[in-house]
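Enquirer: Handing over my_file33.cif, mmCIF, C-alpha atoms.
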```
data_coords
#
loop_
_atom_site.label_atom_id
_atom_site.label_comp_id
_atom_site.auth_asym_id
_atom_site.auth_seq_id
_atom_site.Cartn_x
_atom_site.Cartn_y
_atom_site.Cartn_z
CA MET P 197 122.74 72.86 98.67
CA SER P 198 119.06 73.45 98.00
CA PHE P 199 116.57 73.89 100.83
CA ARG P 200 114.98 70.56 99.88
CA ALA P 201 118.36 68.81 100.08
CA ARG P 202 119.09 70.40 103.47
CA VAL P 203 115.74 69.26 104.83
CA THR P 204 116.37 65.74 103.52
CA VAL P 205 119.85 65.57 105.04
CA LEU P 206 118.76 66.97 108.39
CA VAL P 207 115.81 64.57 108.65
CA ALA P 208 118.01 61.63 107.63
CA VAL P 209 120.67 62.61 110.18
CA ALA P 210 118.06 62.96 112.92
CA ILE P 211 116.57 59.56 112.12
CA GLY P 212 120.05 58.05 111.83
CA ILE P 213 120.99 59.30 115.29
CA THR P 214 117.73 57.91 116.64
CA VAL P 215 118.28 54.50 115.00
CA ALA P 216 121.90 54.38 116.19
CA ALA P 217 120.87 55.23 119.74
CA ALA P 218 118.13 52.60 119.61
CA SER P 219 120.60 50.00 118.29
CA VAL P 220 123.09 50.76 121.07
CA ALA P 221 120.30 50.55 123.62
CA VAL P 222 119.18 47.17 122.24
CA TRP P 223 122.74 45.82 122.29
CA ALA P 224 123.36 47.09 125.83
CA THR P 225 120.07 45.57 127.04
CA ALA P 226 120.84 42.25 125.39
CA ARG P 227 124.35 42.20 126.90
CA HIS P 228 122.94 42.98 130.33
CA GLN P 229 120.39 40.19 130.06
CA LEU P 230 122.88 37.61 128.78
CA LEU P 231 125.41 38.45 131.50
CA ALA P 232 122.65 38.31 134.09
CA GLU P 233 121.86 34.72 133.00
CA VAL P 234 125.55 33.77 133.27
CA ASP P 235 125.74 35.43 136.69
CA HIS P 236 122.70 33.46 137.81
CA THR P 237 124.36 30.23 136.66
CA LEU P 238 127.54 31.09 138.58
CA LEU P 239 125.53 31.79 141.70
CA ARG P 240 124.18 28.21 141.69
CA GLN P 241 127.65 26.59 141.44
CA ASP P 242 129.37 25.14 144.54
CA PHE P 243 132.88 23.87 145.19
CA GLY P 244 132.18 20.67 143.35
CA ALA P 245 131.56 22.45 140.08
CA PRO P 246 134.24 21.92 137.45
CA LEU P 247 135.09 25.64 137.12
CA THR P 248 135.38 26.62 140.75
CA GLU P 249 138.26 27.26 143.08
CA PHE P 250 138.48 27.78 146.83
CA VAL P 251 140.86 30.32 148.34
CA ASP P 252 141.49 29.93 152.07
CA PRO P 253 142.07 32.97 154.31
CA ASP P 254 145.79 32.50 154.07
CA GLY P 255 145.76 32.59 150.26
CA GLY P 256 145.99 28.85 149.69
CA LEU P 257 144.31 27.46 146.57
CA HIS P 258 142.13 24.37 146.39
CA GLY P 259 140.67 23.25 143.06
CA ARG P 260 141.45 24.13 139.46
CA THR P 261 144.44 26.34 139.78
CA PHE P 262 144.22 27.78 136.22
CA ILE P 263 141.90 30.47 137.64
CA PRO P 264 144.08 33.44 138.60
CA VAL P 265 143.58 34.95 142.03
CA THR P 266 143.64 38.70 142.10
CA GLY P 267 144.38 40.92 145.05
CA GLN P 268 140.72 41.79 145.31
CA ALA P 269 139.81 38.09 145.51
CA GLN P 270 142.40 37.57 148.28
CA ARG P 271 140.91 40.43 150.25
CA VAL P 272 137.48 38.77 150.03
CA ALA P 273 139.02 35.47 151.19
CA SER P 274 140.65 37.17 154.18
CA GLY P 275 137.37 38.78 155.15
CA ASN P 276 138.33 42.30 154.12
CA GLY P 277 136.07 42.60 151.08
CA SER P 278 132.63 41.73 149.75
CA GLY P 279 131.71 39.45 146.87
CA TYR P 280 131.64 40.69 143.32
CA TYR P 281 131.16 39.81 139.67
CA ALA P 282 133.81 40.59 137.06
CA THR P 283 134.71 39.81 133.47
CA VAL P 284 138.28 38.42 133.23
CA THR P 285 140.53 37.12 130.48
CA ILE P 286 142.23 33.77 131.06
CA ASP P 287 144.53 32.37 128.40
CA ASP P 288 143.10 34.76 125.76
CA SER P 289 139.54 33.68 126.56
CA GLN P 290 136.93 35.71 128.35
CA PHE P 291 135.22 34.38 131.46
CA ARG P 292 132.61 35.65 133.81
CA GLU P 293 133.89 35.46 137.38
CA LEU P 294 132.03 35.39 140.69
CA VAL P 295 134.01 35.82 143.92
CA ARG P 296 131.99 35.32 147.11
CA PRO P 297 132.98 34.84 150.76
CA VAL P 298 132.34 31.54 152.52
CA ASN P 299 130.84 31.45 156.03
CA THR P 300 133.62 29.21 157.39
CA GLY P 301 136.27 31.53 156.00
CA GLY P 302 137.91 31.94 152.64
CA ALA P 303 136.29 32.67 149.28
CA LEU P 304 134.83 30.64 146.44
CA ILE P 305 135.76 31.70 142.89
CA SER P 306 133.46 30.50 140.10
CA VAL P 307 133.99 31.19 136.42
CA ALA P 308 131.97 30.54 133.26
CA PRO P 309 133.19 30.94 129.68
CA LEU P 310 131.69 33.82 127.68
CA ASP P 311 132.37 32.42 124.23
CA ALA P 312 128.71 31.66 123.49
CA THR P 313 127.60 34.95 125.02
CA ASN P 314 130.11 36.95 122.98
CA ARG P 315 129.05 35.16 119.78
CA ALA P 316 125.42 36.01 120.53
CA LEU P 317 126.34 39.64 121.19
CA SER P 318 128.36 39.77 117.95
CA ARG P 319 125.34 38.51 115.99
CA ILE P 320 123.11 41.06 117.72
CA LYS P 321 125.61 43.81 116.87
CA LEU P 322 125.76 42.70 113.23
CA TRP P 323 121.98 42.63 112.87
CA ALA P 324 121.72 45.99 114.61
CA PHE P 325 124.15 47.50 112.09
CA LEU P 326 122.37 45.90 109.14
CA ILE P 327 118.88 46.84 110.27
CA GLY P 328 120.04 50.30 111.34
CA GLY P 329 121.73 50.93 107.99
CA ILE P 330 118.67 49.77 106.06
CA GLY P 331 116.48 51.91 108.32
CA ILE P 332 118.63 54.98 107.75
CA ALA P 333 118.58 54.45 103.97
CA LEU P 334 114.79 54.08 104.01
CA ALA P 335 114.52 57.10 106.27
CA ALA P 336 116.59 59.18 103.83
CA ALA P 337 114.39 58.09 100.93
CA LEU P 338 111.22 58.84 102.88
CA ALA P 339 112.69 62.18 103.99
CA ALA P 340 113.32 63.09 100.36
CA ILE P 341 109.74 62.18 99.44
CA VAL P 342 108.29 64.07 102.40
CA ALA P 343 110.49 67.11 101.71
CA THR P 344 109.44 67.11 98.07
CA ALA P 345 105.75 66.97 98.98
CA ALA P 346 105.98 69.44 101.87
CA LEU P 347 108.01 71.99 99.92
CA ARG P 348 105.90 71.87 96.76
CA PRO P 349 104.04 75.09 97.78
CA ILE P 350 107.40 76.77 98.40
CA ARG P 351 108.54 75.78 94.91
CA ARG P 352 105.34 77.21 93.44
CA LEU P 353 105.90 80.47 95.34
CA THR P 354 109.52 80.59 94.17
CA ALA P 355 108.52 79.95 90.56
CA ALA P 356 105.84 82.65 90.73
CA ALA P 357 108.24 85.17 92.25
CA GLU P 358 110.88 84.40 89.61
CA THR P 359 108.27 84.74 86.86
CA VAL P 360 107.17 88.13 88.18
CA ALA P 361 110.80 89.28 88.47
CA ALA P 362 111.64 88.10 84.95
CA THR P 363 108.50 89.21 83.09
CA GLY P 364 107.00 91.94 85.27
CA ASN P 365 103.65 90.17 84.96
CA LEU P 366 101.81 91.02 88.17
CA GLY P 367 98.87 88.86 87.13
CA GLU P 368 100.76 85.73 88.23
CA ARG P 369 99.02 83.79 91.02
CA VAL P 370 99.82 80.73 93.15
CA ALA P 371 97.34 77.93 93.74
CA VAL P 372 96.32 77.92 97.42
CA SER P 373 95.75 74.52 99.03
CA GLY P 374 94.99 74.09 102.70
CA GLY P 375 94.91 76.53 105.58
CA ASP P 376 98.29 75.77 107.14
CA GLU P 377 101.23 78.15 107.30
CA LEU P 378 102.24 77.51 103.68
CA GLY P 379 98.64 77.91 102.50
CA ARG P 380 98.34 81.21 104.34
CA LEU P 381 101.71 82.30 102.92
CA ALA P 382 100.47 81.55 99.38
CA ALA P 383 97.24 83.47 100.05
CA ARG P 384 99.19 86.47 101.36
CA PHE P 385 101.52 86.29 98.37
CA ASN P 386 98.53 86.38 96.03
CA ALA P 387 97.02 89.27 97.98
CA MET P 388 100.32 91.14 97.79
CA LEU P 389 100.51 90.63 94.02
CA ALA P 390 96.88 91.72 93.62
CA ALA P 391 97.50 94.89 95.67
CA LEU P 392 100.68 95.61 93.72
CA GLU P 393 98.90 94.99 90.41
CA GLU P 394 96.09 97.33 91.44
CA SER P 395 98.54 99.99 92.59
CA VAL P 396 100.58 99.82 89.39
CA GLY P 397 97.38 99.84 87.36
CA ARG P 398 96.16 102.96 89.15
CA GLN P 399 99.49 104.65 88.56
CA ARG P 400 99.43 103.82 84.86
CA ARG P 401 95.83 105.00 84.49
CA LEU P 402 96.66 108.18 86.41
CA VAL P 403 99.64 108.90 84.16
CA ALA P 404 97.63 108.18 81.01
CA ASP P 405 94.63 110.22 82.07
CA ALA P 406 96.77 113.04 83.43
CA SER P 407 98.76 113.31 80.22
CA HIS P 408 95.51 113.59 78.27
CA GLU P 409 94.04 116.20 80.60
CA LEU P 410 97.24 118.22 80.79
CA ARG P 411 97.59 118.39 77.02
CA THR P 412 94.43 120.42 76.46
CA PRO P 413 95.13 123.48 78.68
CA LEU P 414 98.82 123.44 77.74
CA THR P 415 98.00 123.43 74.03
CA ALA P 416 95.42 126.22 74.40
CA ALA P 417 97.72 128.40 76.50
CA ARG P 418 100.65 127.88 74.15
CA THR P 419 98.54 128.70 71.09
CA ASN P 420 97.39 132.01 72.58
CA VAL P 421 100.90 132.92 73.71
CA ASP P 422 102.34 132.11 70.26
CA LEU P 423 99.73 134.29 68.59
CA VAL P 424 100.58 137.21 70.86
CA ARG P 425 104.32 136.69 70.36
CA GLU P 426 103.99 136.72 66.58
CA GLY P 427 102.29 140.14 66.80
CA LYS P 428 99.67 139.35 64.17
CA LEU P 429 96.64 139.97 66.40
CA PRO P 430 94.80 143.27 66.70
CA GLU P 431 95.18 145.08 70.01
CA ASP P 432 91.72 144.06 71.32
CA GLU P 433 92.31 140.39 70.48
CA VAL P 434 95.72 140.40 72.21
CA THR P 435 94.04 141.12 75.54
CA HIS P 436 91.47 138.43 74.86
CA ALA P 437 94.19 135.89 74.01
CA LEU P 438 96.13 136.70 77.17
CA ASP P 439 92.95 136.34 79.24
CA GLU P 440 92.29 132.94 77.71
CA ALA P 441 95.88 131.88 78.37
CA SER P 442 95.51 132.98 82.00
CA VAL P 443 92.30 130.95 82.34
CA GLU P 444 93.99 127.89 80.89
CA LEU P 445 96.98 128.30 83.20
CA ASP P 446 94.65 128.61 86.20
CA SER P 447 92.94 125.39 85.07
CA LEU P 448 96.35 123.76 84.68
CA THR P 449 97.40 124.88 88.17
CA SER P 450 94.23 123.43 89.69
CA LEU P 451 94.68 120.20 87.74
CA VAL P 452 98.29 119.78 88.89
CA SER P 453 97.26 120.46 92.49
CA ASP P 454 94.55 117.79 92.28
CA LEU P 455 96.97 115.34 90.68
CA VAL P 456 99.49 115.86 93.46
CA GLU P 457 96.76 115.29 96.06
CA LEU P 458 95.64 112.06 94.36
CA ALA P 459 99.18 110.81 93.76
CA ARG P 460 99.89 110.93 97.48
CA GLY P 461 97.15 108.33 97.94
CA GLU P 462 97.75 105.84 100.74
CA GLU P 463 101.15 107.35 101.54
CA ARG P 464 99.41 110.44 102.90
CA LYS P 465 100.09 110.98 106.59
CA LEU P 466 96.99 112.35 108.22
CA ARG P 467 97.34 115.03 110.86
CA LEU P 468 94.33 114.13 112.95
CA GLU P 469 92.65 116.64 115.22
CA ASP P 470 89.35 116.86 117.05
CA VAL P 471 87.40 119.23 114.83
CA ALA P 472 83.92 120.76 115.03
CA LEU P 473 82.57 119.57 111.69
CA ASP P 474 79.80 122.18 111.65
CA ASP P 475 82.33 125.01 111.99
CA LEU P 476 84.55 123.51 109.29
CA VAL P 477 81.62 123.26 106.85
CA SER P 478 80.46 126.78 107.73
CA SER P 479 83.91 128.15 106.84
CA ALA P 480 83.90 126.19 103.58
CA VAL P 481 80.49 127.63 102.67
CA GLU P 482 81.73 131.18 103.28
CA ARG P 483 84.68 130.62 100.96
CA ALA P 484 82.37 129.11 98.32
CA LYS P 485 80.18 132.24 98.53
CA SER P 486 83.20 134.45 97.91
CA ARG P 487 84.10 132.41 94.84
CA ALA P 488 80.52 132.30 93.54
CA PRO P 489 78.56 135.35 94.79
CA GLU P 490 75.59 134.45 92.59
CA ALA P 491 75.06 131.09 94.38
CA THR P 492 72.51 130.69 97.19
CA PHE P 493 73.43 128.40 100.08
CA VAL P 494 70.92 127.14 102.66
CA THR P 495 72.64 125.55 105.65
CA SER P 496 71.50 123.32 108.51
CA LEU P 497 74.57 122.59 110.61
CA MET P 498 74.20 120.54 113.79
CA PRO P 499 77.19 120.55 116.17
CA VAL P 500 79.29 117.39 115.91
CA GLN P 501 82.91 116.56 116.72
CA VAL P 502 85.03 114.45 114.35
CA ARG P 503 88.69 113.41 114.49
CA VAL P 504 90.03 114.19 111.04
CA ASP P 505 92.72 115.96 109.08
CA PRO P 506 91.03 119.36 108.80
CA VAL P 507 92.94 120.45 105.66
CA LEU P 508 91.97 117.33 103.71
CA VAL P 509 88.34 117.30 104.84
CA GLU P 510 87.96 121.02 104.16
CA ARG P 511 89.20 120.48 100.62
CA ALA P 512 86.75 117.61 100.13
CA VAL P 513 83.83 119.73 101.37
CA GLY P 514 84.97 122.61 99.14
CA ASN P 515 84.98 120.25 96.12
CA LEU P 516 81.39 119.21 96.90
CA LEU P 517 80.31 122.84 97.13
CA ASP P 518 82.10 123.80 93.90
CA ASN P 519 80.47 120.83 92.16
CA ALA P 520 77.03 121.96 93.37
CA VAL P 521 77.64 125.55 92.20
CA LYS P 522 78.71 124.24 88.79
CA TYR P 523 75.47 122.31 88.16
CA SER P 524 72.84 124.37 90.03
CA PRO P 525 70.68 126.75 87.98
CA PRO P 526 71.13 130.47 88.78
CA GLY P 527 69.21 131.41 91.91
CA ALA P 528 68.40 127.79 92.87
CA PRO P 529 69.29 127.06 96.50
CA ILE P 530 72.13 124.70 97.38
CA GLU P 531 71.30 122.87 100.60
CA VAL P 532 74.18 122.07 102.94
CA SER P 533 73.61 120.08 106.14
CA VAL P 534 75.71 118.46 108.85
CA ARG P 535 74.27 115.70 111.01
CA GLU P 536 76.00 112.92 113.02
CA GLY P 537 79.27 112.96 111.10
CA GLU P 538 77.66 113.34 107.66
CA VAL P 539 78.01 116.31 105.32
CA VAL P 540 75.22 116.45 102.74
CA VAL P 541 75.30 118.81 99.76
CA ALA P 542 72.14 118.84 97.60
CA ASP P 543 71.68 120.84 94.41
CA ASN P 544 68.76 121.45 92.06
CA GLY P 545 70.64 120.61 88.90
CA PRO P 546 69.96 118.01 86.22
CA GLY P 547 70.91 115.12 88.53
CA ILE P 548 73.05 112.12 87.68
CA ALA P 549 72.19 109.51 85.08
CA GLU P 550 71.69 105.98 86.39
CA GLU P 551 74.63 104.62 84.39
CA ASP P 552 76.93 107.34 85.75
CA LEU P 553 76.23 106.82 89.48
CA PRO P 554 78.63 103.84 89.99
CA ARG P 555 81.54 105.77 88.46
CA ILE P 556 80.86 109.32 89.54
CA PHE P 557 83.74 109.25 92.08
CA ASP P 558 86.30 107.69 89.69
CA ARG P 559 89.35 109.69 88.66
CA PHE P 560 88.91 111.68 85.44
CA TYR P 561 85.40 110.30 84.95
CA ARG P 562 83.01 112.86 83.52
CA ALA P 563 79.41 112.16 82.66
CA ALA P 564 78.14 113.06 79.21
CA THR P 565 76.24 116.05 80.62
CA ALA P 566 79.39 117.31 82.39
CA ARG P 567 81.81 117.37 79.50
CA ALA P 568 80.84 120.90 78.54
CA LYS P 569 81.61 122.10 82.06
CA PRO P 570 85.08 123.15 83.22
CA GLY P 571 87.13 120.69 85.23
CA ALA P 572 89.03 117.43 84.78
CA GLY P 573 86.91 115.02 86.81
CA LEU P 574 89.20 114.93 89.85
CA GLY P 575 87.22 116.84 92.46
CA LEU P 576 84.86 114.02 93.43
CA ALA P 577 87.74 111.51 93.34
CA ILE P 578 89.46 113.59 96.02
CA VAL P 579 86.23 113.57 98.04
CA ARG P 580 86.13 109.77 98.02
CA GLU P 581 89.81 109.39 98.89
CA ALA P 582 89.46 111.86 101.75
CA ALA P 583 86.50 109.90 103.12
CA GLU P 584 88.23 106.52 102.82
CA ALA P 585 91.46 107.86 104.35
CA HIS P 586 89.45 108.58 107.51
CA GLY P 587 87.57 105.28 107.49
CA GLY P 588 84.43 106.88 106.07
CA ALA P 589 82.67 106.80 102.72
CA ALA P 590 81.34 109.02 99.96
CA ARG P 591 78.19 108.33 97.94
CA ALA P 592 75.87 110.08 95.56
CA GLU P 593 72.10 109.99 95.07
CA SER P 594 69.99 111.41 92.29
CA ASN P 595 66.31 112.15 91.72
CA ALA P 596 64.14 114.44 89.65
CA ASP P 597 65.00 117.42 91.88
CA GLY P 598 68.77 117.15 91.52
CA ALA P 599 71.73 115.35 93.09
CA ARG P 600 72.77 114.74 96.69
CA PHE P 601 76.34 114.03 97.73
CA ILE P 602 77.02 112.53 101.17
CA LEU P 603 80.43 112.59 102.86
CA SER P 604 80.41 110.28 105.91
CA LEU P 605 83.07 110.64 108.58
CA PRO P 606 83.42 108.72 111.88
CA ALA P 607 82.33 110.86 114.79
CA ALA P 608 84.91 111.44 117.54
CA THR P 609 84.30 109.45 120.74
#
```
In structure tokens, write the structure found in this file.
Expert:
Amino acid sequence: MSFRARVTVLVAVAIGITVAAASVAVWATARHQLLAEVDHTLLRQDFGAPLTEFVDPDGGLHGRTFIPVTGQAQRVASGNGSGYYATVTIDDSQFRELVRPVNTGGALISVAPLDATNRALSRIKLWAFLIGGIGIALAAALAAIVATAALRPIRRLTAAAETVAATGNLGERVAVSGGDELGRLAARFNAMLAALEESVGRQRRLVADASHELRTPLTAARTNVDLVREGKLPEDEVTHALDEASVELDSLTSLVSDLVELARGEERKLRLEDVALDDLVSSAVERAKSRAPEATFVTSLMPVQVRVDPVLVERAVGNLLDNAVKYSPPGAPIEVSVREGEVVVADNGPGIAEEDLPRIFDRFYRAATARAKPGAGLGLAIVREAAEAHGGAARAESNADGARFILSLPAAT
């Protein structure tokens, strides 16, 4: 049974129980009122009424003797019981009976036929069944209509989910109407699909870009190794070919390391610590000097505490320093500063073109002026992901004097 059918049946059953209970209540109320009128009529009758009978204390009968005298009536007549109303059957006919004590002794029994009352109750019962049945049928029809309308968003969600499962098209969306629970569910479903589409898109772009970037160093290294293996190169060129292969393998190692770091993405579990950012940057500058002895670093490091993953942030700062070394002219100072949770690295290179600024932190993006430089365009992407993983941000600025890169991290409280 479909969910819509179950809702329809449950609503119809609930309404049916309500209608049946109401019908029984109406019938019981009507019966009580009709019997109350008969009881009131009996109360006004005296011994001269045609359907009365007097029972003396000794059990003697006076009047219409067709009225049976029960033991309870005799006890009232003898003074051992109180008056009462009862419904009795006499000669296959129902009567309403009133037995009441008389002040001078004995008891007066009055009866009234219930034929008219029973016919009225039968008609009431019939109409209650008819009206109740019609009401239940209408309720079932209305329940089906209401269930159809109320579950329309659920059907749209189901259809969208089935379409995505069948076609793999993550661009499917559900129309959102209203702000109720179903509307919010549809909005969350759309948001989930959008996030999944973006994630899959990033993965596909990463695989495509990585395959392109990996092909170049692999091809160069393999070519040099093949030339050496064939033994056709002079001795001096063999050393040169092996050196080139080593350089390409180093580039490949760095590229794979960056790819692994980026592939971890949002699944990365940060190991947060309270870190002195100025000390971390100072250590990164020292390592950059050892890698590039010809570079000149000018530092201004103010003490500040941040709560970060020191390994990830140190790598991001190292990428900024390596980027500055790559584009700074020989002997030009590279300015490194730390202030209030911000790391700023400024170089005196050619700067960044206006059209390149919005994409400078994208994966594998390389500006036209950078394509002659070594690298795969992943260093700044790691900087941005490191910043965003900590709730910070990374941005770049450019002017006639060079480029400035700012890594913002939330200061520790």
Enquirer: Would you list the contacts of segment 263-269 of chain P as JSON, numbers by chain, taking every protein, DNA or RNA residue within 10 Å and counting only C-alpha atoms, but skipping same-chain residues closer than 6 positions in sequence?
Expert: {"P": [247, 248, 249, 251, 255, 257, 275, 276, 277, 278, 279, 280, 284, 285, 286, 287, 291, 293, 294, 295, 296, 297, 302, 303, 304, 305, 306, 307]}
Enquirer: Counting all atoms listed in the file, what is within 12 Å of Val541 of chain P, bar same-chain residues fewer than 6 positions away, as a PyMOL selection string?
Expert: chain P and resi 477+480-481+493-497+512-521+524+529-535+590-594+598-604
Enquirer: For the selection you just gave me, I'd like the residues written to a file as a PDB file, in the coordinates of the input, keeping C-alpha atoms.
Expert:
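Written output follows (again35.pdb):
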```
ATOM      1  CA  VAL P 477      81.620 123.260 106.850  1.00  0.00           C
ATOM      2  CA  ALA P 480      83.900 126.190 103.580  1.00  0.00           C
ATOM      3  CA  VAL P 481      80.490 127.630 102.670  1.00  0.00           C
ATOM      4  CA  PHE P 493      73.430 128.400 100.080  1.00  0.00           C
ATOM      5  CA  VAL P 494      70.920 127.140 102.660  1.00  0.00           C
ATOM      6  CA  THR P 495      72.640 125.550 105.650  1.00  0.00           C
ATOM      7  CA  SER P 496      71.500 123.320 108.510  1.00  0.00           C
ATOM      8  CA  LEU P 497      74.570 122.590 110.610  1.00  0.00           C
ATOM      9  CA  ALA P 512      86.750 117.610 100.130  1.00  0.00           C
ATOM     10  CA  VAL P 513      83.830 119.730 101.370  1.00  0.00           C
ATOM     11  CA  GLY P 514      84.970 122.610  99.140  1.00  0.00           C
ATOM     12  CA  ASN P 515      84.980 120.250  96.120  1.00  0.00           C
ATOM     13  CA  LEU P 516      81.390 119.210  96.900  1.00  0.00           C
ATOM     14  CA  LEU P 517      80.310 122.840  97.130  1.00  0.00           C
ATOM     15  CA  ASP P 518      82.100 123.800  93.900  1.00  0.00           C
ATOM     16  CA  ASN P 519      80.470 120.830  92.160  1.00  0.00           C
ATOM     17  CA  ALA P 520      77.030 121.960  93.370  1.00  0.00           C
ATOM     18  CA  VAL P 521      77.640 125.550  92.200  1.00  0.00           C
ATOM     19  CA  SER P 524      72.840 124.370  90.030  1.00  0.00           C
ATOM     20  CA  PRO P 529      69.290 127.060  96.500  1.00  0.00           C
ATOM     21  CA  ILE P 530      72.130 124.700  97.380  1.00  0.00           C
ATOM     22  CA  GLU P 531      71.300 122.870 100.600  1.00  0.00           C
ATOM     23  CA  VAL P 532      74.180 122.070 102.940  1.00  0.00           C
ATOM     24  CA  SER P 533      73.610 120.080 106.140  1.00  0.00           C
ATOM     25  CA  VAL P 534      75.710 118.460 108.850  1.00  0.00           C
ATOM     26  CA  ARG P 535      74.270 115.700 111.010  1.00  0.00           C
ATOM     27  CA  ALA P 590      81.340 109.020  99.960  1.00  0.00           C
ATOM     28  CA  ARG P 591      78.190 108.330  97.940  1.00  0.00           C
ATOM     29  CA  ALA P 592      75.870 110.080  95.560  1.00  0.00           C
ATOM     30  CA  GLU P 593      72.100 109.990  95.070  1.00  0.00           C
ATOM     31  CA  SER P 594      69.990 111.410  92.290  1.00  0.00           C
ATOM     32  CA  GLY P 598      68.770 117.150  91.520  1.00  0.00           C
ATOM     33  CA  ALA P 599      71.730 115.350  93.090  1.00  0.00           C
ATOM     34  CA  ARG P 600      72.770 114.740  96.690  1.00  0.00           C
ATOM     35  CA  PHE P 601      76.340 114.030  97.730  1.00  0.00           C
ATOM     36  CA  ILE P 602      77.020 112.530 101.170  1.00  0.00           C
ATOM     37  CA  LEU P 603      80.430 112.590 102.860  1.00  0.00           C
ATOM     38  CA  SER P 604      80.410 110.280 105.910  1.00  0.00           C
TER      39      SER P 604
END
```
Enquirer: Distance atom CA of Ser486 of chain P-atom CA of Tyr523 of chain P, one decimal place?
Expert: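 The value is 17.4 Å.
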Enquirer: Counting only C-alpha atoms, which of P:Ile332, P:Ala357, P:Ile350, P:Ala208 gets nearest to Leu381 of chain P?
Expert: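 Once distances to Leu381 of chain P are computed over only C-alpha atoms, the minimum belongs to P:Ile350.
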Enquirer: Name every residue that the PyMOL selection byres ((chain P and resi 216) around 10) selects in this structure, writing the answer as a PyMOL selection string with chains first and numbers rising.
Expert: chain P and resi 210-215+217-222+324-325+328-329+331-332
Enquirer: Taking the file as shown, find all residues satisfying the PyMOL selection byres ((chain P and resi 310) around 8) and write them as a list in words.
Expert: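 So the PyMOL selection byres ((chain P and resi 310) around 8) ends up selecting Ser289, Gln290, Phe291, Arg292, Ala308, Pro309, Asp311, Ala312, Thr313 and Asn314 of chain P.
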Enquirer: Give me, as a VMD selection string, all polymer residues having an atom no more than 10 Å from Val370 of chain P, counting all atoms listed in the file and skipping those fewer than 4 positions away in the same chain.
Expert: chain P and resid 349 352 to 357 379 382 to 383 385 to 386 389
Enquirer: Just the number, please: distance in Å from atom CA of Gly244 of chain P to atom CA of Thr283 of chain P, one decimal.
Expert: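 Straight-line distance from atom CA of Gly244 of chain P to atom CA of Thr283 of chain P works out to 21.7 Å.
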Enquirer: Find the residue from P:Met197, P:Arg348, P:Thr359, P:His586 that sits nearest to Leu378 of chain P; use all atoms listed in the file when measuring.
Expert: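 Of P:Met197, P:Arg348, P:Thr359, P:His586, the one nearest Leu378 of chain P, counting all atoms listed in the file, is P:Arg348.
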Enquirer: Figure out the distance between atom CA of Asp475 of chain P and atom CA of Leu574 of chain P, please, to one decimal in Å.
Expert: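 Spanning atom CA of Leu574 of chain P to atom CA of Asp475 of chain P is a straight-line distance of 25.3 Å.
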Enquirer: I'd like to know which of P:Val207, P:Ala441, P:Thr449, P:Phe199 is closest to Leu334 of chain P, using all atoms listed in the file.
Expert: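 Nearest candidate to Leu334 of chain P out of P:Val207, P:Ala441, P:Thr449, P:Phe199: P:Val207.
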Enquirer: Just give me the residues with any atom within 12 Å of (123.9, 40.6, 127.0), file coordinates, counting all atoms listed in the file, written as a ChimeraX atom specification.
Expert: /P:220-235,310,312-321
Enquirer: With C-alpha atoms retained, could you export that selection as an mmCIF file, in the frame of the given file?
Expert:
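As a result, result.cif now contains:
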```
data_model
loop_
_atom_site.group_PDB
_atom_site.id
_atom_site.type_symbol
_atom_site.label_atom_id
_atom_site.label_comp_id
_atom_site.auth_asym_id
_atom_site.auth_seq_id
_atom_site.Cartn_x
_atom_site.Cartn_y
_atom_site.Cartn_z
ATOM 1 C CA VAL P 220 123.090 50.760 121.070
ATOM 2 C CA ALA P 221 120.300 50.550 123.620
ATOM 3 C CA VAL P 222 119.180 47.170 122.240
ATOM 4 C CA TRP P 223 122.740 45.820 122.290
ATOM 5 C CA ALA P 224 123.360 47.090 125.830
ATOM 6 C CA THR P 225 120.070 45.570 127.040
ATOM 7 C CA ALA P 226 120.840 42.250 125.390
ATOM 8 C CA ARG P 227 124.350 42.200 126.900
ATOM 9 C CA HIS P 228 122.940 42.980 130.330
ATOM 10 C CA GLN P 229 120.390 40.190 130.060
ATOM 11 C CA LEU P 230 122.880 37.610 128.780
ATOM 12 C CA LEU P 231 125.410 38.450 131.500
ATOM 13 C CA ALA P 232 122.650 38.310 134.090
ATOM 14 C CA GLU P 233 121.860 34.720 133.000
ATOM 15 C CA VAL P 234 125.550 33.770 133.270
ATOM 16 C CA ASP P 235 125.740 35.430 136.690
ATOM 17 C CA LEU P 310 131.690 33.820 127.680
ATOM 18 C CA ALA P 312 128.710 31.660 123.490
ATOM 19 C CA THR P 313 127.600 34.950 125.020
ATOM 20 C CA ASN P 314 130.110 36.950 122.980
ATOM 21 C CA ARG P 315 129.050 35.160 119.780
ATOM 22 C CA ALA P 316 125.420 36.010 120.530
ATOM 23 C CA LEU P 317 126.340 39.640 121.190
ATOM 24 C CA SER P 318 128.360 39.770 117.950
ATOM 25 C CA ARG P 319 125.340 38.510 115.990
ATOM 26 C CA ILE P 320 123.110 41.060 117.720
ATOM 27 C CA LYS P 321 125.610 43.810 116.870
#
```
Enquirer: To box segment 285-302 of chain P, take all atoms listed in the file, fit an axis-aligned box, add 3 Å on each side, and give centre and edge lengths in Å to one decimal, as JSON.
Expert:
```
{"center_x": 137.7, "center_y": 33.2, "center_z": 141.6, "size_x": 19.7, "size_y": 13.9, "size_z": 37.6}
```
Enquirer: Measuring atom to atom with all atoms listed in the file, identify which of P:Leu392, P:Ala273, P:Ala577, P:Ala282 is nearest to Thr300 of chain P.
Expert: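 Among the listed residues, the smallest separation from Thr300 of chain P belongs to P:Ala273.
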